[in-house]
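Coordinates as given in run33.cif (mmCIF, C-alpha atoms and all ligand atoms):
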```cif
data_coords
#
loop_
_atom_site.label_atom_id
_atom_site.label_comp_id
_atom_site.auth_asym_id
_atom_site.auth_seq_id
_atom_site.Cartn_x
_atom_site.Cartn_y
_atom_site.Cartn_z
CA MET M 1312 11.20 8.16 -3.78
CA ASP M 1313 11.40 4.37 -3.50
CA THR M 1314 9.73 2.15 -6.06
CA GLN M 1315 7.10 0.81 -3.67
CA THR M 1316 5.88 4.30 -2.78
CA LEU M 1317 5.89 5.32 -6.43
CA PHE M 1318 3.88 2.24 -7.33
CA GLU M 1319 1.38 2.93 -4.53
CA GLN M 1320 0.91 6.45 -5.90
CA HIS M 1321 0.59 5.01 -9.41
CA ILE M 1322 -2.18 2.66 -8.27
CA ALA M 1323 -3.92 5.51 -6.43
CA THR M 1324 -3.87 7.55 -9.66
CA LEU M 1325 -5.26 4.62 -11.63
CA GLN M 1326 -8.03 4.13 -9.10
CA ASP M 1327 -8.97 7.74 -9.49
CA THR M 1328 -8.92 7.85 -13.30
CA TRP M 1329 -10.58 4.44 -13.73
CA SER M 1330 -13.34 5.38 -11.25
CA GLN M 1331 -14.10 8.48 -13.31
CA ALA M 1332 -14.00 6.45 -16.51
CA LEU M 1333 -16.45 3.86 -15.18
CA GLN M 1334 -18.79 6.42 -13.69
CA HIS M 1335 -18.96 8.46 -16.91
CA THR M 1336 -19.16 5.64 -19.41
CA LEU M 1337 -20.93 2.71 -17.71
CA PRO M 1338 -22.59 4.17 -14.60
CA GLY M 1339 -24.60 0.96 -14.13
CA CYS M 1340 -21.43 -1.09 -13.58
CA GLU M 1341 -19.64 -1.48 -10.28
CA ALA M 1342 -16.41 -3.14 -11.43
CA ILE M 1343 -14.11 -3.79 -14.38
CA LEU M 1344 -12.45 -7.13 -15.08
CA VAL M 1345 -9.25 -6.73 -17.15
CA HIS M 1346 -7.71 -9.72 -18.90
CA SER M 1347 -3.98 -9.96 -19.68
CA GLY M 1348 -4.72 -11.90 -22.87
CA GLY M 1349 -4.48 -15.46 -24.11
CA SER M 1350 -1.75 -17.57 -25.62
CA HIS M 1351 -2.54 -18.61 -29.22
CA ASN M 1352 -0.91 -21.43 -31.11
CA TYR M 1353 0.16 -21.05 -34.71
CA PHE M 1354 -2.40 -22.45 -37.14
CA ALA M 1355 -2.63 -26.25 -36.92
CA ASP M 1356 0.34 -26.38 -34.58
CA ASP M 1357 0.97 -26.77 -30.86
CA HIS M 1358 3.43 -23.88 -30.48
CA ALA M 1359 2.61 -20.28 -29.65
CA PRO M 1360 4.61 -17.08 -30.26
CA PRO M 1361 6.04 -15.44 -27.12
CA PHE M 1362 3.28 -13.88 -25.06
CA LYS M 1363 2.95 -10.18 -24.25
CA ALA M 1364 0.30 -9.05 -21.80
CA TRP M 1365 -2.14 -6.32 -22.78
CA GLY M 1366 -1.16 -2.78 -21.76
CA HIS M 1367 -4.28 -1.99 -19.73
CA PHE M 1368 -3.63 -5.11 -17.64
CA LEU M 1369 0.12 -4.52 -17.26
CA ARG M 1370 -0.56 -1.05 -15.96
CA TRP M 1371 -2.01 -2.63 -12.81
CA ALA M 1372 0.23 -5.67 -12.46
CA PRO M 1373 3.65 -6.22 -14.09
CA LEU M 1374 2.91 -9.85 -14.99
CA ASP M 1375 3.67 -10.81 -18.57
CA ARG M 1376 1.59 -13.99 -18.47
CA PRO M 1377 -1.57 -15.16 -20.19
CA ASP M 1378 -4.92 -15.50 -18.43
CA GLN M 1379 -4.29 -13.22 -15.48
CA PHE M 1380 -7.03 -10.83 -14.38
CA VAL M 1381 -7.31 -7.58 -12.49
CA LEU M 1382 -10.63 -6.81 -10.86
CA PHE M 1383 -11.04 -3.09 -10.33
CA ARG M 1384 -13.80 -1.74 -8.09
CA PRO M 1385 -13.93 1.96 -7.19
CA GLY M 1386 -13.03 2.42 -3.54
CA HIS M 1387 -11.58 -1.09 -3.09
CA LYS M 1388 -8.06 -2.42 -3.21
CA PRO M 1389 -7.58 -3.84 -6.71
CA ARG M 1390 -7.58 -7.62 -6.91
CA LEU M 1391 -5.26 -9.77 -8.95
CA LEU M 1392 -6.87 -13.07 -9.92
CA ALA M 1393 -3.80 -15.02 -10.88
CA LEU M 1394 -4.06 -18.27 -12.79
CA VAL M 1395 -1.30 -20.70 -11.82
CA PRO M 1396 -2.19 -23.96 -13.57
CA ARG M 1397 -0.88 -27.35 -12.55
CA ASP M 1398 1.47 -27.96 -15.42
CA PHE M 1399 4.60 -30.09 -15.53
CA TRP M 1400 5.59 -28.96 -19.05
CA HIS M 1401 6.33 -25.35 -18.16
CA ASP M 1402 7.61 -23.35 -15.24
CA GLN M 1403 4.43 -21.87 -13.82
CA SER M 1404 5.94 -20.43 -10.65
CA LEU M 1405 4.63 -16.95 -10.15
CA VAL M 1406 6.99 -14.68 -8.26
CA THR M 1407 5.36 -11.74 -6.54
CA GLU M 1408 7.51 -8.89 -5.32
CA GLY M 1409 6.35 -6.75 -2.45
CA TRP M 1410 6.87 -3.43 -4.21
CA TRP M 1411 3.92 -4.17 -6.49
CA ALA M 1412 2.18 -7.14 -4.87
CA ASP M 1413 1.46 -5.21 -1.65
CA SER M 1414 -0.79 -2.86 -3.64
CA LEU M 1415 -3.01 -5.73 -4.80
CA ASP M 1416 -5.17 -8.36 -3.13
CA ILE M 1417 -3.98 -11.56 -4.78
CA THR M 1418 -6.01 -14.71 -5.24
CA PHE M 1419 -4.44 -17.71 -6.95
CA MET M 1420 -6.52 -19.98 -9.15
CA GLU M 1421 -5.57 -23.36 -10.56
CA ASN M 1422 -8.25 -23.34 -13.21
CA LEU M 1423 -10.16 -20.70 -15.16
CA SER M 1424 -13.39 -22.30 -13.97
CA GLU M 1425 -12.65 -20.73 -10.55
CA LEU M 1426 -12.86 -17.23 -11.98
CA ALA M 1427 -16.65 -16.81 -11.89
CA SER M 1428 -16.85 -17.41 -8.12
CA GLN M 1429 -14.45 -14.49 -7.53
CA LEU M 1430 -16.52 -11.92 -9.38
CA PRO M 1431 -19.46 -9.63 -8.59
CA ALA M 1432 -22.74 -10.22 -10.46
CA PRO M 1433 -22.00 -10.23 -14.20
CA ALA M 1434 -24.81 -7.74 -14.88
CA THR M 1435 -22.75 -5.12 -13.00
CA LEU M 1436 -19.38 -6.06 -14.48
CA ALA M 1437 -17.51 -4.48 -17.41
CA PHE M 1438 -14.95 -6.62 -19.23
CA LEU M 1439 -11.82 -5.43 -21.01
CA GLY M 1440 -9.64 -7.77 -23.03
CA GLU M 1441 -9.35 -9.94 -26.10
CA ASN M 1442 -11.32 -12.97 -24.88
CA GLN M 1443 -14.88 -11.86 -25.53
CA ALA M 1444 -16.08 -15.48 -25.56
CA LEU M 1445 -14.86 -15.90 -21.99
CA ALA M 1446 -16.64 -12.70 -20.97
CA ALA M 1447 -19.85 -13.96 -22.57
CA GLU M 1448 -19.46 -17.32 -20.80
CA LEU M 1449 -19.18 -15.44 -17.51
CA GLY M 1450 -22.58 -13.92 -18.33
CA ILE M 1451 -21.34 -10.37 -18.87
CA PRO M 1452 -23.76 -8.48 -21.18
CA ALA M 1453 -22.33 -7.85 -24.65
CA ALA M 1454 -22.72 -4.08 -24.24
CA GLN M 1455 -20.29 -4.18 -21.29
CA ILE M 1456 -17.57 -6.08 -23.12
CA ASN M 1457 -14.87 -3.77 -24.48
CA TYR M 1458 -17.31 -0.89 -24.40
CA PRO M 1459 -15.77 1.64 -26.83
CA HIS M 1460 -16.43 4.72 -24.71
CA LEU M 1461 -14.75 3.13 -21.67
CA LEU M 1462 -11.78 2.07 -23.80
CA SER M 1463 -11.37 5.46 -25.44
CA TRP M 1464 -11.43 7.08 -21.99
CA LEU M 1465 -8.71 4.79 -20.66
CA ASP M 1466 -6.67 4.96 -23.86
CA TYR M 1467 -6.78 8.74 -23.83
CA ASP M 1468 -5.68 8.93 -20.20
CA ARG M 1469 -2.85 6.44 -20.71
CA ALA M 1470 -0.88 9.06 -22.66
CA VAL M 1471 -0.11 10.83 -19.38
CA LYS M 1472 2.38 8.84 -17.36
CA THR M 1473 2.64 8.60 -13.59
CA GLY M 1474 5.95 9.11 -11.79
CA TYR M 1475 6.31 5.33 -11.51
CA GLU M 1476 5.83 4.92 -15.25
CA ILE M 1477 8.32 7.67 -16.08
CA ASN M 1478 10.94 5.92 -13.94
CA ARG M 1479 10.31 2.63 -15.76
CA LEU M 1480 10.64 4.39 -19.11
CA ARG M 1481 13.94 5.91 -17.95
CA GLU M 1482 15.16 2.43 -16.95
CA ALA M 1483 14.13 0.99 -20.31
CA ASN M 1484 16.16 3.74 -21.96
CA ALA M 1485 19.27 3.27 -19.79
CA HIS M 1486 19.11 -0.46 -20.41
CA ALA M 1487 18.86 -0.14 -24.19
CA LEU M 1488 21.76 2.32 -24.35
CA CYS M 1489 24.15 -0.43 -23.12
CA GLY M 1490 23.14 -2.38 -26.22
CA HIS M 1491 23.45 0.64 -28.51
CA ASP M 1492 27.04 1.23 -27.33
CA ALA M 1493 27.96 -2.40 -28.01
CA ALA M 1494 26.25 -2.26 -31.40
CA GLU M 1495 28.20 0.82 -32.44
CA GLN M 1496 31.49 -0.81 -31.42
CA THR M 1497 30.63 -3.98 -33.33
CA PHE M 1498 29.74 -1.92 -36.41
CA ARG M 1499 33.07 -0.07 -36.22
CA ALA M 1500 34.93 -3.39 -35.77
CA GLY M 1501 33.38 -4.71 -39.01
CA GLY M 1502 30.71 -7.03 -37.62
CA ASP M 1503 27.76 -7.98 -39.79
CA GLU M 1504 24.09 -7.46 -38.91
CA TYR M 1505 23.96 -10.79 -37.08
CA ASP M 1506 27.03 -9.88 -34.98
CA ILE M 1507 25.62 -6.46 -34.16
CA HIS M 1508 22.27 -7.92 -33.12
CA HIS M 1509 23.95 -10.41 -30.78
CA ALA M 1510 26.30 -7.77 -29.37
CA TYR M 1511 23.17 -5.76 -28.51
CA LEU M 1512 21.41 -8.69 -26.84
CA ALA M 1513 24.52 -9.71 -24.89
CA ALA M 1514 25.25 -6.17 -23.64
CA CYS M 1515 21.65 -5.81 -22.45
CA ARG M 1516 21.57 -9.41 -21.22
CA VAL M 1517 18.17 -9.94 -22.84
CA LEU M 1518 16.58 -12.56 -25.04
CA ASP M 1519 15.11 -11.71 -28.42
CA GLN M 1520 11.63 -12.45 -27.10
CA GLU M 1521 12.07 -9.93 -24.28
CA LEU M 1522 12.58 -7.01 -26.66
CA PRO M 1523 9.73 -4.54 -27.14
CA TYR M 1524 9.98 -5.13 -30.92
CA SER M 1525 12.36 -7.00 -33.20
CA ASN M 1526 15.63 -5.13 -33.50
CA ILE M 1527 16.13 -3.25 -36.76
CA ILE M 1528 19.82 -3.65 -37.57
CA ALA M 1529 20.42 -2.35 -41.07
CA LEU M 1530 23.81 -1.94 -42.73
CA ASN M 1531 24.41 0.28 -45.74
CA GLU M 1532 21.59 0.25 -48.34
CA LYS M 1533 19.27 -1.74 -46.03
CA ALA M 1534 19.02 1.36 -43.82
CA ALA M 1535 16.47 2.56 -46.39
CA ILE M 1536 14.02 -0.18 -45.32
CA LEU M 1537 11.99 1.33 -42.51
CA HIS M 1538 11.21 -1.89 -40.64
CA TYR M 1539 14.08 -4.00 -42.00
CA GLN M 1540 13.72 -7.44 -40.41
CA ASN M 1541 16.73 -9.51 -41.55
CA LYS M 1542 20.11 -10.02 -39.87
CA ARG M 1543 22.56 -10.70 -42.70
CA ARG M 1544 25.44 -12.97 -41.72
CA TYR M 1545 28.54 -13.82 -43.70
CA ALA M 1546 30.19 -17.22 -43.26
CA ASP M 1547 32.85 -16.05 -45.68
CA ARG M 1548 34.07 -12.72 -44.32
CA ALA M 1549 35.87 -11.92 -47.55
CA SER M 1550 32.48 -11.57 -49.25
CA GLN M 1551 31.17 -9.13 -46.63
CA PRO M 1552 30.84 -5.57 -47.97
CA PRO M 1553 32.55 -2.87 -45.87
CA ASN M 1554 30.43 -1.25 -43.16
CA ARG M 1555 29.64 2.30 -44.23
CA VAL M 1556 26.37 3.00 -42.38
CA LEU M 1557 24.55 1.39 -39.49
CA LEU M 1558 20.94 2.24 -38.69
CA ILE M 1559 19.94 0.50 -35.45
CA ASP M 1560 16.44 0.86 -34.03
CA ALA M 1561 16.31 -1.11 -30.78
CA GLY M 1562 14.80 -0.84 -27.32
CA CYS M 1563 14.32 -2.70 -24.06
CA ARG M 1564 11.43 -3.24 -21.67
CA ALA M 1565 11.31 -2.45 -17.97
CA TYR M 1566 8.36 -4.27 -16.34
CA GLY M 1567 6.49 -3.86 -19.62
CA TYR M 1568 7.46 -0.23 -20.32
CA CYS M 1569 9.28 0.18 -23.62
CA SER M 1570 12.11 2.22 -24.98
CA ASP M 1571 12.37 2.83 -28.73
CA ILE M 1572 15.73 4.28 -29.75
CA THR M 1573 17.34 4.72 -33.15
CA ARG M 1574 20.92 5.67 -33.91
CA THR M 1575 22.61 6.06 -37.27
CA TRP M 1576 26.39 5.71 -37.49
CA ALA M 1577 28.55 6.39 -40.54
CA ALA M 1578 32.10 5.21 -41.18
CA PRO M 1579 34.65 7.93 -42.03
CA ASP M 1580 34.70 6.76 -45.65
CA ALA M 1581 30.93 7.12 -46.16
CA HIS M 1582 29.95 9.73 -48.78
CA PRO M 1583 30.81 13.25 -47.55
CA VAL M 1584 27.28 14.43 -48.34
CA PHE M 1585 25.91 11.58 -46.21
CA HIS M 1586 28.03 12.93 -43.32
CA GLU M 1587 26.58 16.39 -43.95
CA LEU M 1588 23.05 14.98 -43.91
CA LEU M 1589 23.78 13.08 -40.71
CA ALA M 1590 25.07 16.21 -38.95
CA GLY M 1591 22.04 18.15 -40.22
CA MET M 1592 19.61 15.48 -39.01
CA GLN M 1593 21.29 15.37 -35.60
CA ASP M 1594 20.84 19.14 -35.21
CA LEU M 1595 17.26 18.96 -36.43
CA GLN M 1596 16.38 16.08 -34.11
CA GLU M 1597 17.78 17.94 -31.08
CA LYS M 1598 15.83 21.04 -32.05
CA LEU M 1599 12.59 19.06 -32.38
CA VAL M 1600 13.22 17.39 -29.02
CA ARG M 1601 13.59 20.82 -27.41
CA SER M 1602 10.17 21.79 -28.84
CA VAL M 1603 8.37 19.06 -26.88
CA ARG M 1604 6.30 20.69 -24.16
CA PRO M 1605 2.69 20.77 -22.96
CA GLY M 1606 0.35 22.51 -25.39
CA VAL M 1607 2.39 21.69 -28.49
CA SER M 1608 0.57 20.09 -31.42
CA PHE M 1609 2.43 16.99 -32.55
CA ALA M 1610 1.13 17.47 -36.11
CA ASP M 1611 2.76 20.94 -36.09
CA LEU M 1612 6.08 19.40 -35.01
CA HIS M 1613 5.73 16.92 -37.84
CA ARG M 1614 5.13 19.81 -40.28
CA GLN M 1615 8.22 21.63 -38.97
CA ALA M 1616 10.25 18.46 -39.44
CA HIS M 1617 9.20 18.25 -43.10
CA LEU M 1618 10.11 21.87 -43.75
CA ALA M 1619 13.52 21.48 -42.08
CA ILE M 1620 14.27 18.24 -43.93
CA ALA M 1621 13.33 19.90 -47.22
CA GLN M 1622 15.71 22.76 -46.38
CA LEU M 1623 18.48 20.29 -45.54
CA LEU M 1624 17.95 18.55 -48.90
CA VAL M 1625 18.28 21.93 -50.63
CA ASP M 1626 21.35 22.89 -48.58
CA CYS M 1627 23.03 19.60 -49.50
CA ASP M 1628 22.12 20.08 -53.20
CA ILE M 1629 19.98 16.94 -53.29
CA CYS M 1630 16.87 18.97 -54.11
CA HIS M 1631 16.35 22.26 -55.90
CA GLY M 1632 13.90 25.03 -55.15
CA ASP M 1633 12.02 26.36 -52.18
CA ALA M 1634 11.67 24.18 -49.07
CA GLN M 1635 7.95 24.89 -48.59
CA ALA M 1636 7.29 24.06 -52.25
CA LEU M 1637 9.11 20.73 -51.79
CA VAL M 1638 6.85 19.93 -48.83
CA ASP M 1639 3.70 20.98 -50.70
CA SER M 1640 4.56 18.91 -53.78
CA GLY M 1641 5.21 15.80 -51.64
CA ILE M 1642 8.93 15.65 -52.49
CA SER M 1643 9.98 15.89 -48.81
CA ALA M 1644 7.79 12.82 -48.16
CA VAL M 1645 9.79 10.84 -50.73
CA PHE M 1646 12.76 11.18 -48.36
CA PHE M 1647 10.79 11.25 -45.07
CA PRO M 1648 7.81 8.95 -45.56
CA HIS M 1649 6.88 8.19 -41.93
CA GLY M 1650 5.56 10.14 -39.00
CA LEU M 1651 7.75 12.16 -36.65
CA GLY M 1652 6.87 9.88 -33.76
CA HIS M 1653 4.24 8.33 -31.56
CA LEU M 1654 3.14 7.94 -27.96
CA LEU M 1655 5.29 5.49 -26.02
CA GLY M 1656 4.56 3.40 -22.94
CA LEU M 1657 3.41 -0.16 -22.38
CA GLN M 1658 3.15 -0.48 -26.14
CA VAL M 1659 5.85 0.81 -28.45
CA HIS M 1660 3.18 2.56 -30.49
CA ASP M 1661 1.07 3.36 -27.48
CA VAL M 1662 -2.69 3.73 -27.57
CA GLY M 1663 -4.66 6.93 -27.95
CA GLY M 1664 -2.36 8.79 -30.35
CA ARG M 1665 -5.22 9.86 -32.59
CA LEU M 1666 -7.86 10.55 -29.96
CA ALA M 1667 -9.15 14.10 -29.73
CA ASN M 1668 -10.73 13.47 -26.32
CA ARG M 1669 -11.82 10.81 -23.84
CA ASP M 1670 -15.13 10.38 -25.65
CA GLY M 1671 -13.38 8.72 -28.55
CA GLU M 1672 -13.63 11.49 -31.13
CA LEU M 1673 -10.72 11.22 -33.50
CA ALA M 1674 -8.12 13.83 -34.42
CA PRO M 1675 -7.29 12.54 -37.91
CA PRO M 1676 -3.79 13.03 -39.31
CA PRO M 1677 -3.25 15.78 -41.91
CA ALA M 1678 -4.37 14.59 -45.38
CA ALA M 1679 -0.80 14.75 -46.69
CA TRP M 1680 0.52 12.48 -43.93
CA PRO M 1681 -2.04 9.74 -43.25
CA GLY M 1682 0.56 7.64 -41.43
CA LEU M 1683 1.14 10.10 -38.57
CA ARG M 1684 0.43 8.08 -35.42
CA ASN M 1685 0.20 10.97 -33.00
CA THR M 1686 -2.07 13.93 -33.68
CA ARG M 1687 -2.52 15.03 -30.10
CA THR M 1688 -1.77 18.28 -28.39
CA LEU M 1689 0.74 17.19 -25.79
CA ASP M 1690 -0.21 17.14 -22.12
CA ALA M 1691 2.32 17.42 -19.30
CA GLY M 1692 3.39 13.85 -18.59
CA ALA M 1693 3.03 12.61 -22.18
CA VAL M 1694 5.96 10.57 -23.50
CA VAL M 1695 6.58 10.58 -27.25
CA THR M 1696 9.29 9.50 -29.63
CA ILE M 1697 10.97 12.11 -31.81
CA GLU M 1698 12.34 10.27 -34.81
CA PRO M 1699 12.90 12.29 -37.97
CA GLY M 1700 14.29 10.29 -40.87
CA LEU M 1701 15.83 10.87 -44.29
CA TYR M 1702 16.20 7.89 -46.62
CA PHE M 1703 17.05 6.93 -50.18
CA ILE M 1704 14.25 4.42 -50.79
CA PRO M 1705 14.42 2.92 -54.29
CA ALA M 1706 10.65 2.34 -54.66
CA LEU M 1707 9.73 5.91 -53.69
CA LEU M 1708 12.55 7.45 -55.72
CA ASP M 1709 11.52 5.46 -58.81
CA THR M 1710 8.01 6.89 -58.56
CA ALA M 1711 9.37 10.42 -58.07
CA ARG M 1712 11.74 10.00 -61.01
CA ALA M 1713 8.77 9.28 -63.25
CA GLY M 1714 6.59 11.99 -61.68
CA PRO M 1715 5.87 15.62 -62.50
CA ASP M 1716 8.39 17.00 -59.96
CA ALA M 1717 11.35 14.87 -60.99
CA LYS M 1718 13.31 17.97 -61.94
CA SER M 1719 13.41 19.15 -58.33
CA ILE M 1720 15.73 16.23 -57.43
CA ASN M 1721 19.45 16.05 -58.25
CA TRP M 1722 19.46 12.48 -59.55
CA THR M 1723 23.23 12.19 -59.95
CA LEU M 1724 23.82 12.88 -56.28
CA THR M 1725 20.75 10.88 -55.19
CA ASP M 1726 22.02 7.83 -57.07
CA GLU M 1727 25.44 8.22 -55.42
CA LEU M 1728 23.79 8.27 -51.98
CA MET M 1729 21.49 5.25 -52.48
CA PRO M 1730 24.07 2.70 -51.24
CA PHE M 1731 24.15 4.50 -47.86
CA GLY M 1732 20.47 3.78 -47.19
CA GLY M 1733 19.32 6.45 -44.82
CA ILE M 1734 19.23 8.12 -41.45
CA ARG M 1735 16.89 7.98 -38.48
CA ILE M 1736 17.57 9.38 -35.04
CA GLU M 1737 15.07 8.58 -32.33
CA ASP M 1738 14.82 9.57 -28.68
CA ASN M 1739 12.06 9.18 -26.09
CA VAL M 1740 10.90 12.49 -24.71
CA LEU M 1741 8.71 13.50 -21.76
CA ALA M 1742 6.71 16.74 -21.93
CA THR M 1743 7.07 18.59 -18.61
CA PRO M 1744 5.89 22.06 -17.59
CA ASP M 1745 9.58 23.07 -17.72
CA GLY M 1746 10.00 21.76 -21.25
CA ALA M 1747 11.38 18.59 -22.75
CA ASP M 1748 12.99 15.88 -20.65
CA ASN M 1749 14.91 13.65 -23.06
CA LEU M 1750 14.58 10.27 -21.31
CA THR M 1751 17.12 8.77 -23.74
CA ARG M 1752 19.92 11.32 -23.57
CA ASN M 1753 19.38 11.88 -19.84
CA ALA M 1754 19.31 8.17 -19.03
N1 LIG A 1 10.75 0.94 -33.73
C1 LIG A 1 9.59 1.31 -34.44
C2 LIG A 1 9.38 2.74 -34.39
O1 LIG A 1 10.32 3.49 -34.26
O2 LIG A 1 8.30 3.24 -34.41
MN MN A 2 12.08 2.93 -33.37
MN MN A 3 9.40 4.82 -32.80
#
```

Translate this file's structure into structure tokens.
Amino acid sequence: MDTQTLFEQHIATLQDTWSQALQHTLPGCEAILVHSGGSHNYFADDHAPPFKAWGHFLRWAPLDRPDQFVLFRPGHKPRLLALVPRDFWHDQSLVTEGWWADSLDITFMENLSELASQLPAPATLAFLGENQALAAELGIPAAQINYPHLLSWLDYDRAVKTGYEINRLREANAHALCGHDAAEQTFRAGGDEYDIHHAYLAACRVLDQELPYSNIIALNEKAAILHYQNKRRYADRASQPPNRVLLIDAGCRAYGYCSDITRTWAAPDAHPVFHELLAGMQDLQEKLVRSVRPGVSFADLHRQAHLAIAQLLVDCDICHGDAQALVDSGISAVFFPHGLGHLLGLQVHDVGGRLANRDGELAPPPAAWPGLRNTRTLDAGAVVTIEPGLYFIPALLDTARAGPDAKSINWTLTDELMPFGGIRIEDNVLATPDGADNLTRNA
């Protein structure tokens, strides 16, 4: 199906779900005004960080610009109220493409003061977005600004992707894989973190600011830092340590939709046990991916991942004892301290991962794993990441070494493996009635 038709169907689905949301949560309102967000300067400065539009706005209009608005009214063609200021400092040209623009009625404004005249009576208007002061200035009652029940309804529904959204997520995956290939080659050729980062950007032909999140490019021991942010560079190549392990967590965006992919590569001369762990984690990750299907509890998948990682640690002689006991005592969490994954979409950690229902009741994570971002039972059409990890994190190991279960860890081998950092393997997976569709591997 062509993109325009897919987008038309996407908008029709949104009209349906948003109509239900409005009717159930704010029956007195006849429309919703959604704001893309505002640009905010650094404190006491006249520069702003790169802007990213809010997900609930981007879902209607792929415009990554501040101060754009969608006006949704059940039964009417959605309107885009597009601010195009007169500004000779920046390029303000707004390019509309028929495949999406034909689904919207577009009105251009030069100034925000024109917004009010485009809207229905504020008493009947709900507002969604960060600029609550603007909503109040428009005369919208406080109770209709970011009304929690309306937001929870829309957040909950956003987990299920339309065909259009799934295609965009596939594109974001295919795009990022070009960069991952280049990164692996640069790692094998002896490049440093800076070289690998730039090889990724160049292969994808993207700018840093266009990434869904800052690339994590971690060599050797830095692979143990979950959100490692630096890009080490060596002016003097003779001082550069040999590349043993690369952990790269990097994605791309396709009209706002994100990919979030992690690969771990090891040089032939990495520790043999590290190679064993890597092979074991690859098998485990594939098995977990195959378990993604409608009706599956993500918290259960997370539990299975812990048990399997504990077993792998025992099989590789890093831990002693029974796998379940290692999970129960918290030792598996020393090596795997993050969640198995999260919802993915217009945000990398997409909204609604801990909602039990549209009414905003929460499904809290299991007490042992408070960081788990997704506690939902998967619906058909949900897209999640599956990203088991196994790391040698000095801070967590130090605590375990001083703790009551220190004897369940083989410290000689653990200390030998510390310089290799860790492993994470991450794919983006769609739950379909026929099982898992790995959007990353099938891209
Ligand atoms: N890239 C961040 C994450 O995997 O969640
Ligand atoms: Mn990631
Ligand atoms: Mn992720």

**Request:** Could you jot down the CA of Asp1661 (chain M) to CA of Gly1562 (chain M) separation for me, Å, one decimal place?
**Result:**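 Between CA of Asp1661 (chain M) and CA of Gly1562 (chain M) the gap is 14.4 Å.
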
**Item:** Within 10 Å of Met1592 (chain M) using only C-alpha atoms, minus same-chain residues under 5 positions, as number ranges by chain
**Value:** M: 1586-1587, 1597-1598, 1616, 1619-1620, 1623, 1698-1701, 1734-1736

**Request:** For ligand MN 3 (chain A), collect every residue having any atom at a distance of at most 12 Å from a ligand atom (counting all atoms listed in the file); output as a count of residues only.
**Result:** 44

**Request:** Considering all atoms listed in the file, return as a list in words whatever protein or nucleic-acid residues lie within 10 Å of region 1472-1474 of chain M, sequence-local ones (same chain, fewer than 6 positions apart) excluded.
**Result:** Met1312, Thr1314, Leu1317, Phe1318, Gln1320, His1321, Ile1322, Thr1324, Leu1325, Leu1480, Leu1655, Gly1656, Asp1690, Ala1691, Gly1692, Ala1693, Val1694 and Leu1741 of chain M

**Distance in Å - CA of Gly1450 (chain M) versus CA of Glu1425 (chain M)** =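 So the answer is 14.3 Å.
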
**Message:** Please determine, counting all atoms listed in the file, which residue among M:Ala1577, M:Ile1528, M:Ala1485, M:Leu1423 has the shortest atom-to-atom distance to ligand LIG 1 (chain A).
**Reply:**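 Among M:Ala1577, M:Ile1528, M:Ala1485, M:Leu1423, it is M:Ile1528 that comes nearest to ligand LIG 1 (chain A).
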